[in-house]
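**Student:** Shown below is the structure under consideration.
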Amino acid sequence: MRRLASACTGYAILIFFALVFVYPFVIQVANAFKTDPDAAANPLSPIPHPATLAGFERVFLDTGLPLWVGNSLLMTVVVTLGRVFLDSLAGYALARLRFRGRRTLFAAVVAVLAVPGVVLFIPKFLVLNQLGMYDSYLALMLPLIADAAGVFIMKQFFESIPVAVEEAARIDGAGPFRTFWSVVLPMARPALITLTILSFQGSWNEFPHTLVAVQDPSLFTLPRGLADLVSGSLGGGTQYPLKLGAALLATIPVAVIFVVFQRFFIRGATEGGEKG
């Protein structure tokens, strides 16, 4: 009886916290299908009275959503591919290549993880402005194309791969890059998928960087456009269905990617952390 009571209590606590985390998302979905008066009068009701698609129609007709989605897709694809390739190269070099200053360089990469992103806002703006890249697609993508967290993940995973595999490739005449590309990288698929998911999610949801990189509305990404909506660019009123409908559409791609590759993400994160 004690064991049963303990199990029931544990499940009850888990269910409670699950509901706490899920309920805001339920409210978001419900308000996206409400009318403006219903959403303003009953914002916390999980059932719309009546249900309508008017909010989604306004999102597509009255906002720049198609443009924002296009800019976000371009930015996300370029940044994700760049991070997967460059972070993998850097991680392999730090894990396997022996050169002077390797430990110091890795310590610097780890130190970057401890720097709050807000500290870099002004330096980032000054660099982009001085290089003539401010307010351009290049400014949106180039500063994000590699990150310290991805380098750390890939280095830890590469160190878990047996060295004998690479030695066999070198005996067959493969150079460092050929060994990396043809032998080691295919074995790092779980870590690559983890890095791809994190890079996709991070670049798709990236907002602070866009504040200092662009000001032209034609270069707004989805998060920047949603912030513009929340600030009242379409006039007064709460307009909850419009804003939450746009936010719901922005959430779908990341949710789909995570659900599809969830098992690879968990495996890659676990294997990458075992060595550390």
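Just remember, in the structure tokens the first chain shown is A, the second B, etc., residues are 1-based per chain, and ligands are 1-based in the order shown.
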I'd like the neighbourhood of range 174-183 of chain A as an NGL selection string, where a residue qualifies if any of its atoms comes within 10 Å (using only C-alpha atoms), though same-chain residues fewer than 3 positions away should be ignored.
**Tutor:** :A and (88-89 or 92-93 or 96-97 or 158 or 165-171 or 186-188)
**Student:** Given the selection you just returned, output its residues as a file containing all heavy atoms, formatted as a short mmCIF file (atom, residue, chain, number, x, y, z; two decimals), in the first residue's frame.
**Tutor:**
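Contents of again28.cif, as written:
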data_model
loop_
_atom_site.label_atom_id
_atom_site.label_comp_id
_atom_site.auth_asym_id
_atom_site.auth_seq_id
_atom_site.Cartn_x
_atom_site.Cartn_y
_atom_site.Cartn_z
N SER A 88 31.11 21.31 -36.81
CA SER A 88 31.67 19.96 -36.91
C SER A 88 33.16 20.02 -37.21
O SER A 88 33.95 19.28 -36.61
CB SER A 88 30.95 19.16 -37.99
OG SER A 88 29.59 19.02 -37.69
N LEU A 89 33.56 20.88 -38.14
CA LEU A 89 34.98 21.03 -38.46
C LEU A 89 35.77 21.48 -37.22
O LEU A 89 36.82 20.91 -36.90
CB LEU A 89 35.15 22.05 -39.58
CG LEU A 89 34.94 21.57 -41.01
CD1 LEU A 89 35.08 22.74 -41.98
CD2 LEU A 89 35.94 20.48 -41.37
N TYR A 92 35.93 18.71 -34.57
CA TYR A 92 36.86 17.64 -34.92
C TYR A 92 38.30 18.09 -34.73
O TYR A 92 39.14 17.33 -34.25
CB TYR A 92 36.63 17.21 -36.36
CG TYR A 92 37.53 16.08 -36.81
CD1 TYR A 92 37.31 14.78 -36.37
CD2 TYR A 92 38.62 16.32 -37.64
CE1 TYR A 92 38.14 13.74 -36.75
CE2 TYR A 92 39.45 15.29 -38.04
CZ TYR A 92 39.21 14.01 -37.59
OH TYR A 92 40.04 12.98 -37.97
N ALA A 93 38.60 19.32 -35.13
CA ALA A 93 39.95 19.84 -34.97
C ALA A 93 40.35 19.89 -33.49
O ALA A 93 41.48 19.51 -33.13
CB ALA A 93 40.06 21.23 -35.59
N ARG A 96 40.69 16.02 -32.22
CA ARG A 96 41.64 15.07 -32.79
C ARG A 96 42.98 15.67 -33.23
O ARG A 96 44.02 15.04 -33.08
CB ARG A 96 41.01 14.37 -33.99
CG ARG A 96 39.95 13.36 -33.63
CD ARG A 96 40.57 12.19 -32.90
NE ARG A 96 39.64 11.08 -32.76
CZ ARG A 96 38.99 10.78 -31.65
NH1 ARG A 96 39.16 11.54 -30.58
NH2 ARG A 96 38.18 9.74 -31.59
N LEU A 97 42.97 16.87 -33.76
CA LEU A 97 44.21 17.45 -34.26
C LEU A 97 45.04 17.98 -33.10
O LEU A 97 44.51 18.58 -32.17
CB LEU A 97 43.93 18.56 -35.27
CG LEU A 97 43.09 18.17 -36.49
CD1 LEU A 97 42.99 19.34 -37.45
CD2 LEU A 97 43.67 16.95 -37.19
N PHE A 158 32.95 13.65 -30.84
CA PHE A 158 34.08 13.10 -31.59
C PHE A 158 35.08 12.41 -30.68
O PHE A 158 35.71 11.42 -31.08
CB PHE A 158 34.78 14.21 -32.37
CG PHE A 158 34.02 14.68 -33.59
CD1 PHE A 158 33.95 16.02 -33.91
CD2 PHE A 158 33.37 13.77 -34.42
CE1 PHE A 158 33.25 16.45 -35.03
CE2 PHE A 158 32.67 14.19 -35.53
CZ PHE A 158 32.61 15.54 -35.83
N VAL A 165 39.45 3.74 -35.53
CA VAL A 165 38.72 3.91 -36.78
C VAL A 165 39.44 4.89 -37.70
O VAL A 165 39.59 4.65 -38.90
CB VAL A 165 37.28 4.40 -36.49
CG1 VAL A 165 36.53 4.68 -37.78
CG2 VAL A 165 36.53 3.37 -35.66
N GLU A 166 39.92 5.98 -37.14
CA GLU A 166 40.63 6.98 -37.94
C GLU A 166 42.01 6.47 -38.36
O GLU A 166 42.48 6.77 -39.46
CB GLU A 166 40.75 8.27 -37.15
CG GLU A 166 39.40 8.87 -36.77
CD GLU A 166 39.53 9.96 -35.74
OE1 GLU A 166 40.13 10.99 -36.05
OE2 GLU A 166 39.00 9.78 -34.62
N GLU A 167 42.65 5.71 -37.49
CA GLU A 167 43.97 5.17 -37.84
C GLU A 167 43.87 4.22 -39.03
O GLU A 167 44.74 4.20 -39.91
CB GLU A 167 44.57 4.46 -36.63
CG GLU A 167 44.94 5.41 -35.50
CD GLU A 167 45.46 4.68 -34.28
OE1 GLU A 167 45.30 3.42 -34.24
OE2 GLU A 167 46.01 5.32 -33.37
N ALA A 168 42.80 3.45 -39.08
CA ALA A 168 42.60 2.55 -40.23
C ALA A 168 42.41 3.35 -41.50
O ALA A 168 42.91 2.97 -42.57
CB ALA A 168 41.39 1.66 -39.97
N ALA A 169 41.71 4.47 -41.43
CA ALA A 169 41.51 5.31 -42.61
C ALA A 169 42.83 5.94 -43.06
O ALA A 169 43.10 6.05 -44.27
CB ALA A 169 40.49 6.41 -42.30
N ARG A 170 43.68 6.34 -42.12
CA ARG A 170 44.97 6.93 -42.48
C ARG A 170 45.88 5.90 -43.13
O ARG A 170 46.64 6.20 -44.05
CB ARG A 170 45.64 7.52 -41.24
CG ARG A 170 44.88 8.71 -40.65
CD ARG A 170 45.72 9.43 -39.61
NE ARG A 170 44.92 10.43 -38.91
CZ ARG A 170 44.37 10.27 -37.73
NH1 ARG A 170 44.50 9.11 -37.11
NH2 ARG A 170 43.67 11.24 -37.16
N ILE A 171 45.79 4.67 -42.65
CA ILE A 171 46.60 3.60 -43.27
C ILE A 171 46.20 3.41 -44.73
O ILE A 171 47.03 3.11 -45.60
CB ILE A 171 46.43 2.29 -42.48
CG1 ILE A 171 47.07 2.44 -41.09
CG2 ILE A 171 47.05 1.12 -43.23
CD1 ILE A 171 46.85 1.25 -40.19
N PRO A 186 29.99 10.50 -40.67
CA PRO A 186 28.82 9.61 -40.71
C PRO A 186 28.54 8.91 -39.38
O PRO A 186 27.39 8.56 -39.09
CB PRO A 186 29.19 8.61 -41.81
CG PRO A 186 30.15 9.34 -42.69
CD PRO A 186 30.95 10.18 -41.75
N MET A 187 29.59 8.69 -38.58
CA MET A 187 29.40 8.03 -37.29
C MET A 187 28.81 8.99 -36.25
O MET A 187 28.35 8.55 -35.19
CB MET A 187 30.74 7.49 -36.78
CG MET A 187 31.38 6.46 -37.70
SD MET A 187 33.00 5.92 -37.11
CE MET A 187 32.55 5.14 -35.56
N ALA A 188 28.83 10.27 -36.55
CA ALA A 188 28.36 11.28 -35.59
C ALA A 188 26.93 11.71 -35.90
O ALA A 188 26.54 12.83 -35.55
CB ALA A 188 29.30 12.47 -35.61
#
**Student:** Name all residues at most 12 Å from Leu120 in chain A (count only C-alpha atoms; drop same-chain ones fewer than 6 positions away) and give them as a ChimeraX atom specification.
**Tutor:** /A:112,126-128,143,208-209,212
**Student:** Could you pull out all residues of range 79-164 of chain A with a DSSP call of helix (DSSP H, G or I) and give them as a VMD selection string?
**Tutor:** chain A and resid 79 to 96 102 to 113 117 to 130 137 to 144 148 to 159 163 to 164
**Student:** Restricting the calculation to only C-alpha atoms: of A:Ile257, A:Ile15, A:Val22, A:Val214, which residue gets closest to Met133 in chain A?
**Tutor:**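 Smallest distance to Met133 in chain A is found for A:Val214.
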**Student:** What's the 8 Å shell around Gly55 in chain A, counting only C-alpha atoms, without same-chain residues fewer than 2 positions away, as a list in words?
**Tutor:**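 Non-adjacent residues within range: Ala32, Phe33, Lys34, Thr35, Thr52, Leu53, Glu57, Arg58, Val59, Pro241, Leu242 and Gly245 of chain A.
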**Student:** Find the residue from A:Trp204, A:Phe125, A:Phe152, A:Phe25 that sits nearest to Ala90 in chain A; use only C-alpha atoms when measuring.
**Tutor:** A:Phe152
**Student:** So, counting only C-alpha atoms, which residue among A:Ala255, A:Leu229, A:Cys8, A:Ile145 is closest to Gln201 in chain A?
**Tutor:**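 Nearest to Gln201 in chain A: A:Ala255.
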**Student:** Please, what distance in Å, to one decimal, runs between CA of Pro217 in chain A and CA of Asp36 in chain A?
**Tutor:**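 CA of Asp36 in chain A lies at a distance of 26.3 Å from CA of Pro217 in chain A.
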**Student:** Can you tell me which residues surround Gly117 in chain A at a distance of at most 12 Å, considering only C-alpha atoms, apart from same-chain residues fewer than 2 positions away, and format the answer as a PyMOL selection string?
**Tutor:** chain A and resi 112-115+119-124+144+147+206-209+212
**Student:** Between CA of Ser160 in chain A and CA of Ser199 in chain A, what distance in Å does the model show, to one decimal?
**Tutor:**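 Interatomic distance here is 22.0 Å.
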**Student:** Quick one: residues within 8 Å of Val79 in chain A, only C-alpha atoms, excluding same-chain residues fewer than 3 positions away - as a compact mmCIF listing (two decimals) with C-alpha atoms, in the first residue's frame?
**Tutor:**
# COMPACT_ATOMS: atom_id res chain seq x y z
CA MET A 75 18.06 32.65 -42.49
CA THR A 76 17.31 29.35 -40.77
CA GLY A 82 26.66 26.71 -41.70
CA ARG A 83 26.61 25.71 -38.06
CA MET A 141 23.06 35.37 -41.13
CA LEU A 142 26.85 35.79 -40.94
CA LEU A 144 25.11 33.41 -36.37
CA ILE A 145 26.71 30.96 -38.77
CA ALA A 146 28.85 29.34 -36.04
CA SER A 199 20.47 25.33 -34.75
CA PHE A 200 17.09 25.25 -36.48
CA SER A 203 17.85 30.58 -35.72
**Student:** Rounded to one decimal place, report the CA of Val29 in chain A-CA of Leu244 in chain A distance in Å.
**Tutor:**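 Between CA of Val29 in chain A and CA of Leu244 in chain A the gap is 7.4 Å.
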